[in-house]
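Here is run29.cif, consisting of mmCIF, C-alpha atoms and all ligand atoms:
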```cif
data_model
loop_
_atom_site.label_atom_id
_atom_site.label_comp_id
_atom_site.auth_asym_id
_atom_site.auth_seq_id
_atom_site.Cartn_x
_atom_site.Cartn_y
_atom_site.Cartn_z
CA MET U 1 0.89 -26.44 -39.55
CA ASN U 2 2.75 -24.56 -36.84
CA THR U 3 1.21 -21.51 -35.16
CA ARG U 4 2.65 -19.24 -32.54
CA MET U 5 0.53 -17.60 -29.89
CA ILE U 6 0.83 -16.02 -26.46
CA CYS U 7 -0.86 -17.80 -23.58
CA THR U 8 -2.96 -15.17 -21.79
CA GLU U 9 -3.93 -17.33 -18.84
CA CYS U 10 -1.49 -15.66 -16.48
CA PRO U 11 0.88 -12.67 -16.47
CA LYS U 12 3.85 -14.80 -17.55
CA GLY U 13 2.52 -14.77 -21.12
CA CYS U 14 4.38 -17.85 -22.39
CA ALA U 15 5.09 -17.89 -26.13
CA LEU U 16 3.44 -21.10 -27.32
CA SER U 17 4.34 -22.99 -30.43
CA VAL U 18 1.30 -25.00 -31.47
CA THR U 19 1.12 -27.70 -34.10
CA VAL U 20 -2.31 -27.81 -35.70
CA HIS U 21 -3.68 -30.40 -38.11
CA ASP U 22 -7.18 -30.10 -39.66
CA GLY U 23 -8.17 -27.48 -37.10
CA ARG U 24 -7.12 -29.73 -34.20
CA VAL U 25 -4.20 -29.18 -31.85
CA ILE U 26 -1.58 -31.93 -32.12
CA SER U 27 1.08 -30.57 -29.78
CA VAL U 28 1.89 -27.54 -27.69
CA ARG U 29 5.37 -26.35 -26.73
CA GLY U 30 6.65 -23.38 -24.75
CA ASN U 31 4.02 -23.58 -22.00
CA GLU U 32 5.32 -23.38 -18.46
CA CYS U 33 2.27 -25.09 -17.02
CA ASN U 34 -0.67 -27.22 -18.10
CA ARG U 35 -3.07 -24.32 -18.45
CA GLY U 36 -1.11 -23.37 -21.56
CA VAL U 37 -2.17 -26.60 -23.28
CA HIS U 38 -5.81 -25.97 -22.50
CA PHE U 39 -5.46 -22.38 -23.67
CA ALA U 40 -3.96 -23.48 -27.02
CA HIS U 41 -6.84 -25.92 -27.62
CA GLN U 42 -9.44 -23.31 -26.82
CA GLU U 43 -7.73 -20.62 -28.87
CA ILE U 44 -7.61 -22.86 -31.98
CA GLU U 45 -10.97 -24.56 -31.61
CA ASN U 46 -13.18 -21.84 -30.06
CA PRO U 47 -11.43 -18.74 -28.71
CA LYS U 48 -13.09 -17.46 -25.55
CA ARG U 49 -12.69 -14.48 -23.25
CA LEU U 50 -14.04 -13.56 -19.86
CA LEU U 51 -16.26 -10.49 -20.29
CA THR U 52 -16.07 -7.89 -17.52
CA SER U 53 -18.08 -4.68 -17.52
CA THR U 54 -20.37 -2.57 -15.38
CA VAL U 55 -24.15 -2.30 -15.03
CA CYS U 56 -25.96 0.93 -14.11
CA ALA U 57 -27.30 0.96 -10.57
CA GLU U 58 -30.44 2.88 -9.58
CA GLY U 59 -30.98 4.05 -6.03
CA LEU U 60 -27.99 2.19 -4.60
CA SER U 61 -24.82 3.37 -2.85
CA VAL U 62 -22.78 3.28 -6.08
CA ARG U 63 -23.61 4.29 -9.65
CA MET U 64 -22.13 1.28 -11.36
CA VAL U 65 -22.04 -2.37 -10.32
CA PRO U 66 -19.07 -4.32 -11.73
CA VAL U 67 -20.04 -7.61 -13.36
CA ARG U 68 -18.43 -10.51 -15.22
CA THR U 69 -19.37 -13.70 -16.94
CA ASP U 70 -18.76 -16.64 -14.63
CA ARG U 71 -17.00 -18.42 -17.49
CA PRO U 72 -15.32 -17.24 -20.68
CA ILE U 73 -17.66 -16.67 -23.63
CA PRO U 74 -16.85 -16.98 -27.35
CA LYS U 75 -14.73 -14.04 -28.41
CA ASP U 76 -17.10 -13.09 -31.24
CA LYS U 77 -19.96 -12.67 -28.72
CA LEU U 78 -18.28 -9.94 -26.67
CA GLN U 79 -20.03 -7.03 -28.42
CA GLU U 80 -23.39 -8.78 -28.28
CA GLY U 81 -22.79 -9.27 -24.56
CA MET U 82 -22.02 -5.57 -24.13
CA ALA U 83 -25.24 -4.60 -25.95
CA LEU U 84 -27.22 -6.73 -23.51
CA ILE U 85 -25.33 -5.32 -20.50
CA HIS U 86 -26.21 -1.78 -21.61
CA THR U 87 -29.92 -2.57 -21.32
CA LEU U 88 -29.63 -3.79 -17.71
CA ARG U 89 -30.37 -1.84 -14.51
CA ILE U 90 -29.75 -3.02 -10.94
CA LYS U 91 -32.24 -1.58 -8.42
CA ASP U 92 -31.86 -3.90 -5.46
CA PRO U 93 -28.79 -4.54 -3.31
CA VAL U 94 -26.63 -7.37 -4.62
CA ASN U 95 -24.02 -9.62 -3.09
CA ILE U 96 -20.72 -10.48 -4.65
CA GLY U 97 -21.15 -13.51 -6.92
CA GLU U 98 -24.92 -13.03 -7.19
CA VAL U 99 -26.35 -13.91 -10.59
CA ILE U 100 -27.56 -10.87 -12.55
CA VAL U 101 -28.48 -12.74 -15.77
CA THR U 102 -28.84 -16.52 -16.02
CA ARG U 103 -27.95 -18.16 -19.33
CA PHE U 104 -26.31 -15.00 -20.58
CA LEU U 105 -26.82 -14.75 -24.40
CA ASP U 106 -28.39 -18.23 -24.22
CA LEU U 107 -24.98 -19.63 -23.37
CA ASP U 108 -24.22 -21.96 -20.51
CA VAL U 109 -22.87 -18.94 -18.66
CA ASN U 110 -24.21 -16.54 -16.00
CA LEU U 111 -23.50 -12.87 -15.61
CA ILE U 112 -22.54 -12.27 -11.96
CA SER U 113 -21.86 -9.26 -9.76
CA THR U 114 -18.24 -8.85 -8.67
CA ARG U 115 -18.99 -6.52 -5.78
CA SER U 116 -21.45 -6.40 -2.89
CA VAL U 117 -23.52 -3.24 -3.22
CA LYS U 118 -26.03 -1.85 -0.74
CA MET D 1 -5.55 13.85 21.58
CA ARG D 2 -6.45 10.23 20.94
CA GLU D 3 -3.45 7.90 20.68
CA TYR D 4 -3.51 4.61 18.80
CA GLU D 5 -0.93 1.87 18.83
CA LEU D 6 -1.07 1.68 15.06
CA VAL D 7 -2.52 4.08 12.52
CA ILE D 8 -2.70 3.09 8.87
CA VAL D 9 -3.33 5.75 6.24
CA GLY D 10 -5.00 4.34 3.12
CA GLY D 11 -7.68 1.64 2.87
CA GLY D 12 -6.64 0.08 -0.44
CA PRO D 13 -5.03 -3.33 -0.83
CA ALA D 14 -1.81 -2.26 0.94
CA GLY D 15 -3.47 -0.67 3.98
CA MET D 16 -5.97 -3.49 4.41
CA ALA D 17 -3.30 -6.22 4.22
CA ALA D 18 -1.10 -4.32 6.69
CA ALA D 19 -4.00 -3.86 9.13
CA LEU D 20 -5.02 -7.52 9.06
CA SER D 21 -1.46 -8.70 9.43
CA ALA D 22 -0.69 -6.36 12.36
CA ARG D 23 -3.81 -7.63 14.10
CA GLU D 24 -2.78 -11.21 13.49
CA HIS D 25 0.52 -10.37 15.16
CA GLY D 26 -1.09 -9.16 18.34
CA ILE D 27 -1.88 -5.49 17.77
CA ASN D 28 -5.43 -4.73 18.85
CA ASP D 29 -5.67 -0.94 18.77
CA ILE D 30 -5.62 -0.09 15.08
CA LEU D 31 -7.07 2.89 13.23
CA LEU D 32 -7.49 2.62 9.45
CA LEU D 33 -8.09 5.91 7.66
CA GLU D 34 -9.50 6.03 4.12
CA ARG D 35 -10.29 9.20 2.21
CA ASP D 36 -12.91 7.64 -0.10
CA ARG D 37 -16.42 6.55 0.86
CA CYS D 38 -15.49 2.88 0.88
CA LEU D 39 -12.50 0.61 1.33
CA GLY D 40 -10.77 -1.03 -1.60
CA GLY D 41 -8.84 1.82 -3.16
CA ILE D 42 -7.91 1.56 -6.82
CA LEU D 43 -9.13 -2.07 -6.98
CA ASN D 44 -12.73 -0.85 -7.04
CA GLN D 45 -12.25 0.59 -10.50
CA CYS D 46 -10.09 -2.29 -11.82
CA ILE D 47 -13.03 -4.40 -12.94
CA HIS D 48 -10.93 -6.57 -15.30
CA PRO D 49 -9.66 -10.02 -14.33
CA GLY D 50 -6.07 -10.89 -13.49
CA PHE D 51 -5.78 -10.32 -9.74
CA GLY D 52 -4.96 -12.93 -7.11
CA ILE D 53 -3.19 -15.48 -9.27
CA THR D 54 -0.27 -15.93 -6.89
CA TYR D 55 -1.93 -14.92 -3.60
CA TYR D 56 -5.20 -16.83 -3.96
CA LYS D 57 -4.29 -19.15 -6.86
CA GLU D 58 -7.46 -17.91 -8.53
CA ILE D 59 -8.16 -15.33 -11.19
CA LEU D 60 -10.22 -12.52 -9.68
CA THR D 61 -11.31 -9.05 -10.73
CA GLY D 62 -10.17 -6.06 -8.69
CA PRO D 63 -13.42 -5.63 -6.71
CA GLU D 64 -13.49 -9.36 -5.93
CA TYR D 65 -9.91 -9.26 -4.65
CA ALA D 66 -10.69 -6.19 -2.55
CA GLU D 67 -13.86 -7.62 -1.06
CA ARG D 68 -12.02 -10.54 0.54
CA PHE D 69 -9.95 -8.05 2.52
CA ILE D 70 -12.88 -5.70 3.23
CA LYS D 71 -14.77 -8.62 4.80
CA GLY D 72 -11.72 -9.41 6.95
CA ILE D 73 -11.45 -5.80 8.11
CA HIS D 74 -15.14 -5.54 9.02
CA ALA D 75 -14.91 -8.81 10.95
CA ALA D 76 -12.05 -7.45 13.09
CA PRO D 77 -13.26 -5.38 16.06
CA GLU D 78 -9.63 -4.35 16.77
CA ILE D 79 -9.58 -2.35 13.55
CA ASP D 80 -11.39 0.95 13.74
CA VAL D 81 -12.21 2.14 10.19
CA ARG D 82 -12.85 5.78 9.36
CA LEU D 83 -14.00 6.66 5.86
CA GLN D 84 -13.90 10.05 4.17
CA ALA D 85 -10.97 10.76 6.46
CA PHE D 86 -8.24 12.87 4.93
CA VAL D 87 -4.86 13.36 6.60
CA VAL D 88 -3.68 16.90 5.94
CA ASP D 89 -0.48 17.04 7.96
CA LEU D 90 1.98 14.81 9.73
CA ASN D 91 5.06 15.41 11.89
CA LYS D 92 7.96 13.26 13.01
CA GLU D 93 6.26 12.48 16.35
CA LYS D 94 3.65 10.70 14.19
CA ILE D 95 0.98 13.21 15.11
CA MET D 96 -1.43 13.95 12.28
CA THR D 97 -4.43 16.13 11.56
CA VAL D 98 -7.39 14.27 10.12
CA LEU D 99 -10.23 16.04 8.32
CA ARG D 100 -13.61 14.40 7.99
CA PRO D 101 -16.89 15.93 6.89
CA GLY D 102 -17.71 18.31 9.75
CA SER D 103 -14.71 17.50 11.94
CA MET D 104 -11.00 18.02 12.41
CA GLU D 105 -9.04 15.87 14.80
CA ARG D 106 -5.44 15.43 15.99
CA ILE D 107 -4.36 11.82 16.31
CA LYS D 108 -1.09 10.31 17.52
CA ALA D 109 0.27 6.97 16.40
CA LYS D 110 2.82 4.84 18.22
CA ALA D 111 3.55 3.21 14.88
CA LEU D 112 2.34 4.51 11.54
CA ILE D 113 1.97 2.74 8.22
CA MET D 114 1.45 4.91 5.17
CA ALA D 115 -0.35 3.02 2.40
CA THR D 116 -1.22 6.00 0.25
CA GLY D 117 -0.61 4.45 -3.16
CA CYS D 118 0.37 6.50 -6.15
CA ARG D 119 -1.01 8.99 -8.64
CA GLU D 120 -0.72 9.23 -12.41
CA ARG D 121 1.75 11.29 -14.34
CA THR D 122 0.03 14.08 -16.22
CA ARG D 123 0.35 15.53 -19.68
CA GLU D 124 2.57 18.31 -18.30
CA MET D 125 5.01 15.75 -16.91
CA ALA D 126 5.02 13.84 -20.20
CA HIS D 127 6.00 17.03 -22.10
CA ILE D 128 3.60 16.75 -25.02
CA ALA D 129 3.47 19.86 -27.20
CA GLY D 130 0.37 21.41 -28.69
CA THR D 131 -2.79 23.16 -27.59
CA ARG D 132 -4.63 22.60 -24.31
CA PRO D 133 -8.11 21.43 -25.31
CA SER D 134 -10.40 19.24 -23.22
CA GLY D 135 -10.36 15.51 -23.88
CA ILE D 136 -6.92 14.66 -22.45
CA TYR D 137 -7.12 12.22 -19.54
CA PRO D 138 -4.73 10.10 -17.52
CA ALA D 139 -5.84 6.52 -18.29
CA GLY D 140 -6.69 5.70 -14.68
CA LEU D 141 -8.93 8.74 -14.42
CA ALA D 142 -10.77 7.64 -17.57
CA GLN D 143 -11.08 4.20 -15.95
CA LYS D 144 -12.72 5.77 -12.93
CA MET D 145 -15.10 7.78 -15.12
CA ILE D 146 -16.26 4.70 -17.04
CA ASN D 147 -16.25 2.06 -14.32
CA MET D 148 -17.35 4.08 -11.29
CA GLU D 149 -19.35 6.99 -12.73
CA GLY D 150 -20.71 5.45 -15.92
CA TRP D 151 -19.53 8.22 -18.23
CA LEU D 152 -17.78 7.53 -21.53
CA PRO D 153 -15.21 10.32 -21.85
CA GLY D 154 -14.84 10.14 -25.64
CA ASN D 155 -15.62 8.37 -28.90
CA GLU D 156 -12.37 8.32 -30.87
CA VAL D 157 -9.39 7.59 -28.70
CA VAL D 158 -5.61 7.57 -29.01
CA VAL D 159 -3.66 6.06 -26.11
CA VAL D 160 -0.21 7.44 -25.35
CA GLY D 161 2.11 4.95 -23.65
CA SER D 162 1.76 1.18 -23.63
CA GLY D 163 1.62 0.56 -19.88
CA ASP D 164 -0.93 -1.97 -18.66
CA ILE D 165 -3.51 0.64 -17.62
CA GLY D 166 -3.41 2.12 -21.14
CA LEU D 167 -3.85 -1.27 -22.79
CA ILE D 168 -6.68 -2.27 -20.46
CA MET D 169 -8.42 1.04 -21.13
CA ALA D 170 -8.05 0.57 -24.89
CA ARG D 171 -10.09 -2.63 -24.51
CA ARG D 172 -12.58 -1.00 -22.14
CA PHE D 173 -13.27 1.88 -24.53
CA SER D 174 -13.65 -0.59 -27.42
CA LEU D 175 -16.14 -2.70 -25.47
CA GLU D 176 -18.11 0.43 -24.64
CA GLY D 177 -18.41 1.20 -28.35
CA ALA D 178 -15.69 3.84 -28.76
CA MET D 179 -13.19 3.62 -31.60
CA VAL D 180 -9.62 3.21 -30.33
CA LYS D 181 -7.39 4.41 -33.13
CA GLY D 182 -4.05 3.37 -31.79
CA VAL D 183 -1.60 3.04 -28.92
CA VAL D 184 1.55 5.12 -29.36
CA GLU D 185 4.72 3.99 -27.55
CA ILE D 186 8.02 5.82 -27.86
CA LYS D 187 10.12 2.78 -26.92
CA PRO D 188 10.72 -0.07 -29.40
CA THR D 189 8.99 -2.52 -27.04
CA CYS D 190 5.66 -2.54 -25.25
CA SER D 191 5.89 -1.66 -21.57
CA GLY D 192 2.75 -3.54 -20.56
CA LEU D 193 2.39 -7.31 -20.28
CA ILE D 194 2.38 -9.23 -23.56
CA ARG D 195 -0.92 -10.87 -22.59
CA ASN D 196 -2.50 -7.43 -22.54
CA VAL D 197 -1.21 -6.70 -26.04
CA VAL D 198 -2.97 -9.88 -27.16
CA GLN D 199 -6.26 -9.62 -25.30
CA CYS D 200 -6.64 -5.83 -25.25
CA LEU D 201 -5.24 -4.74 -28.61
CA GLU D 202 -5.08 -7.69 -31.04
CA ASP D 203 -8.56 -8.91 -30.07
CA PHE D 204 -9.95 -5.51 -31.07
CA ASN D 205 -7.66 -4.81 -34.05
CA ILE D 206 -6.12 -1.79 -32.35
CA PRO D 207 -2.80 -0.74 -33.92
CA LEU D 208 0.26 -0.50 -31.67
CA TYR D 209 2.75 2.11 -32.90
CA LEU D 210 6.06 1.15 -31.27
CA GLY D 211 8.95 3.58 -31.69
CA HIS D 212 6.51 6.43 -32.25
CA LYS D 213 5.59 9.48 -30.24
CA ILE D 214 2.97 12.20 -30.21
CA ALA D 215 4.56 15.33 -31.68
CA ARG D 216 1.59 17.50 -30.84
CA ILE D 217 -2.00 17.55 -29.73
CA CYS D 218 -4.29 19.78 -31.85
CA GLY D 219 -7.74 21.18 -31.16
CA HIS D 220 -9.42 24.32 -29.83
CA ASP D 221 -12.08 23.43 -27.27
CA ARG D 222 -11.82 19.69 -27.72
CA VAL D 223 -9.02 17.46 -29.01
CA GLU D 224 -9.34 17.24 -32.81
CA ARG D 225 -6.28 15.23 -33.81
CA VAL D 226 -2.78 14.23 -32.80
CA THR D 227 0.35 14.29 -34.93
CA VAL D 228 2.41 11.13 -34.59
CA VAL D 229 6.07 10.79 -35.63
CA ARG D 230 8.48 7.90 -35.78
CA VAL D 231 11.57 8.14 -33.58
CA ASN D 232 15.10 6.79 -34.06
CA ASP D 233 17.17 4.81 -31.53
CA ASP D 234 18.00 8.00 -29.65
CA LEU D 235 14.26 8.72 -29.42
CA ASN D 236 14.59 11.71 -31.74
CA GLU D 237 11.99 12.48 -34.36
CA ILE D 238 12.66 11.07 -37.84
CA PRO D 239 12.02 13.90 -40.35
CA GLY D 240 9.25 13.26 -42.82
CA SER D 241 7.65 10.50 -40.73
CA ALA D 242 4.74 12.56 -39.37
CA PHE D 243 1.11 11.55 -39.81
CA ASP D 244 -2.14 12.69 -38.22
CA ILE D 245 -4.76 10.66 -36.39
CA THR D 246 -8.13 12.34 -35.88
CA CYS D 247 -9.53 11.73 -32.43
CA ASP D 248 -11.50 13.51 -29.70
CA THR D 249 -9.73 11.93 -26.76
CA VAL D 250 -6.15 11.30 -25.71
CA LEU D 251 -5.45 8.87 -22.87
CA LEU D 252 -2.12 9.08 -21.11
CA SER D 253 -0.54 5.99 -19.65
CA ALA D 254 2.70 7.68 -18.71
CA GLY D 255 3.61 6.05 -15.43
CA LEU D 256 2.84 6.45 -11.76
CA ILE D 257 4.29 8.56 -8.96
CA PRO D 258 4.20 7.26 -5.39
CA GLU D 259 2.27 9.62 -3.16
CA ASN D 260 4.59 10.56 -0.29
CA GLU D 261 4.04 14.24 0.43
CA LEU D 262 2.86 13.58 4.00
CA ILE D 263 5.97 11.68 5.07
CA GLU D 264 8.11 14.26 3.35
CA MET D 265 6.33 16.85 5.52
CA ALA D 266 7.28 14.74 8.56
CA GLY D 267 10.94 14.82 7.51
CA VAL D 268 11.40 11.38 5.96
CA LYS D 269 14.27 11.30 3.46
CA ILE D 270 12.84 10.98 -0.04
CA ASP D 271 14.50 10.04 -3.32
CA LYS D 272 13.39 12.89 -5.54
CA ASN D 273 13.66 10.84 -8.75
CA THR D 274 11.24 8.15 -7.71
CA ASN D 275 9.39 10.04 -4.95
CA THR D 276 9.89 7.05 -2.65
CA PRO D 277 11.52 6.87 0.81
CA ILE D 278 15.27 6.25 0.84
CA SER D 279 15.64 2.94 2.65
CA ASP D 280 17.65 -0.30 2.72
CA GLU D 281 14.84 -2.52 3.85
CA VAL D 282 11.38 -2.95 2.39
CA ASN D 283 8.67 -0.73 3.97
CA THR D 284 11.02 1.19 6.28
CA THR D 285 11.92 4.89 6.32
CA SER D 286 14.45 7.16 8.01
CA ILE D 287 11.99 7.66 10.91
CA PRO D 288 11.75 4.62 13.24
CA GLY D 289 8.20 3.32 13.55
CA LEU D 290 7.07 5.08 10.38
CA PHE D 291 6.54 2.53 7.64
CA VAL D 292 5.43 2.89 4.02
CA CYS D 293 3.96 -0.02 2.08
CA GLY D 294 2.39 -0.87 -1.27
CA ASN D 295 2.67 1.44 -4.25
CA ALA D 296 3.72 4.33 -2.03
CA PHE D 297 6.93 2.45 -1.21
CA LYS D 298 7.58 1.39 -4.80
CA VAL D 299 5.36 0.91 -7.83
CA TYR D 300 4.41 -2.76 -8.04
CA ASP D 301 3.28 -4.59 -11.20
CA VAL D 302 0.90 -6.98 -9.47
CA VAL D 303 -1.39 -6.48 -6.47
CA ASP D 304 -0.46 -9.89 -5.09
CA TRP D 305 3.04 -8.58 -4.30
CA VAL D 306 1.55 -5.46 -2.72
CA THR D 307 -0.41 -7.73 -0.40
CA LYS D 308 2.64 -9.86 0.46
CA ASP D 309 4.91 -6.91 1.23
CA SER D 310 2.18 -5.03 3.10
CA GLU D 311 1.60 -8.03 5.34
CA GLU D 312 5.30 -7.75 6.10
CA ALA D 313 4.75 -4.08 7.01
CA GLY D 314 2.08 -5.16 9.50
CA ILE D 315 4.59 -7.51 11.10
CA GLN D 316 7.31 -4.85 11.18
CA ALA D 317 4.94 -2.38 12.85
CA ALA D 318 3.82 -5.00 15.40
CA LEU D 319 7.44 -5.71 16.31
CA TYR D 320 8.19 -2.01 16.66
CA ILE D 321 5.22 -1.53 18.98
CA LYS D 322 6.22 -4.48 21.16
CA ARG D 323 9.81 -3.25 21.43
CA ASN D 324 8.77 0.34 22.27
CA PRO D 325 5.96 -0.03 24.77
S1 LIG K 401 1.40 -21.61 -19.94
FE1 LIG K 401 0.98 -21.47 -17.76
S2 LIG K 401 2.66 -20.19 -17.00
FE2 LIG K 401 2.63 -19.90 -19.20
S3 LIG K 401 1.30 -18.09 -19.50
FE3 LIG K 401 -0.01 -19.89 -19.68
S4 LIG K 401 -0.84 -20.15 -17.63
FE4 LIG K 401 0.94 -18.81 -17.43
#
```
Just dump the structure as structure tokens.
Amino acid sequence: MNTRMICTECPKGCALSVTVHDGRVISVRGNECNRGVHFAHQEIENPKRLLTSTVCAEGLSVRMVPVRTDRPIPKDKLQEGMALIHTLRIKDPVNIGEVIVTRFLDLDVNLISTRSVK
Amino acid sequence: MREYELVIVGGGPAGMAAALSAREHGINDILLLERDRCLGGILNQCIHPGFGITYYKEILTGPEYAERFIKGIHAAPEIDVRLQAFVVDLNKEKIMTVLRPGSMERIKAKALIMATGCRERTREMAHIAGTRPSGIYPAGLAQKMINMEGWLPGNEVVVVGSGDIGLIMARRFSLEGAMVKGVVEIKPTCSGLIRNVVQCLEDFNIPLYLGHKIARICGHDRVERVTVVRVNDDLNEIPGSAFDITCDTVLLSAGLIPENELIEMAGVKIDKNTNTPISDEVNTTSIPGLFVCGNAFKVYDVVDWVTKDSEEAGIQAALYIKRNP
């Protein structure tokens, strides 16, 4: 079976033509770099997205601390991730890259701060 | 009146890159003015990933990209940073008046780099008919409300215009639990990046109405619905194609206007169509020693190019200062 998809790994947005057999990727065409091949595999086998959002700060210099998952998480877990993020509060200063939640949603992923906040 | 070798107005990505590059090229008396409470500019509210792919060969979020430059600025004693500093006038001698909480100061620059960015086009500029209820926001303003202030400006949203900010905000509203009912684009093609159509709209089942426009916005105190019509190749309304979408919020992603009122005040020749300086060479203006970089010079698609060209502005200013001691 042939599927078409857009590689979202970079702003070029290559149009990929992917041959799939039994849920497995056989070949990828149209990618301008190797990341496109990896993207096609992931998109067919287990589509993932990086989740970025904000967490409420209390008593800090900003109201909201921007955060992201340090790796992409399964696409169908995005809303569950948001529900968890809504329950969080950050009360102490954080550094950029500091872990806010380890094993986010019991995945092998951490939620990290993307800004240093005093 | 205090005189600096180089004054840079704007502490976003353009101003920070220009400051660091000028310093690297031997300028050690630099004043960086920023009107907000912190450096970083628009990047602080762009919490989504996609920055730095060409400059750093990494995929960063806006705040992460900004922080690399902020650290560089704070580590440079030659760069004097003033926050909450607002330039209210400028003349061709490069003398400006700077307002800060509780103070007003005149400052002269030997060379000046304006890195003032751009602002969003409003509903009035987009000529959308209808009533004037609350609930109509430029997409970037809504982004600031959600990502910086923690307010969700609405629950049922229609986005007008398919620029990248509009697409990214469609995803952001969806993640925050709002219902995004559609993105309406008058042109037959999407104006944002195709990757954003995929990861911001298709991932969340948000319809994209290409070749459609908003005929009117309805509602008394708050937006209640919009009427959408299909348009033909000449962008005229096709009779009988109208349908309503109920919503409480309309986001406009109708383009950006470079912010150049200060240099216009100083007498720089401006192209009135684009609101950018008339110039043959990147970053230069009709006044020698007065440079403009980043989105104020032209609207860039990617911050990485803003950084590259603004570093060039730092070099141009350094050369000018050395040649005019
Ligand atoms: S295949 Fe490579 S170049 Fe093409 S969009 Fe994907 S990452 Fe970018």
ask   = Got a sec to check which residues lie within 8 Å of ligand LIG 401 (chain K), using only C-alpha atoms and all ligand atoms, and send them as a ChimeraX atom specification?
value = /U:6-16,30-37,39
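Coordinates place CA of Met265 in chain D at a distance of 6.4 Å from CA of Leu90 in chain D.
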| request: Show which residues sit within 9 Å of Asp309 in chain D, as a PyMOL selection string. Count all atoms listed in the file, and ignore same-chain residues fewer than 4 positions away. | output: chain D and resi 14+17-18+282-283+293-294+304-305+313-314
Padded axis-aligned box of range 164-167 of chain D (5 Å per side), centre and edge lengths, Å, one decimal, as JSON:
```
{"center_x": -2.4, "center_y": 0.1, "center_z": -20.2, "size_x": 12.9, "size_y": 14.1, "size_z": 15.2}
```
Determine which residues of chain U sit within 9 Å of chain D, taking into account all atoms listed in the file, and present them as number ranges by chain. U: 5-14, 49-56, 62-68, 75, 78-79, 82-83, 86, 96-97, 114-116
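Taking CA of Gln84 in chain D as the reference point, CA of Val292 in chain D is found at 20.6 Å.
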Correct to one decimal, the distance CA of Gly130 in chain D-CA of Ile238 in chain D is 18.5 Å
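Ranking D:Tyr209, D:Phe243, D:Tyr137, D:Phe173 by their shortest atom-to-atom distance to Pro188 in chain D, with only C-alpha atoms included, puts D:Tyr209 first.
Proximity of U:Ser61, U:Thr69, U:Thr3, U:Asn110 to Pro93 in chain U, computed with all atoms listed in the file, is greatest for U:Ser61.
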Using all atoms listed in the file, which residues sit within 7 Å of Thr131 in chain D once same-chain residues fewer than 5 positions away are excluded, as a PyMOL selection string?
-> chain D and resi 217-219
From the list D:Leu20, D:Gly163, D:Glu224, D:Cys247, the nearest residue to Leu208 in chain D using all atoms listed in the file is D:Gly163
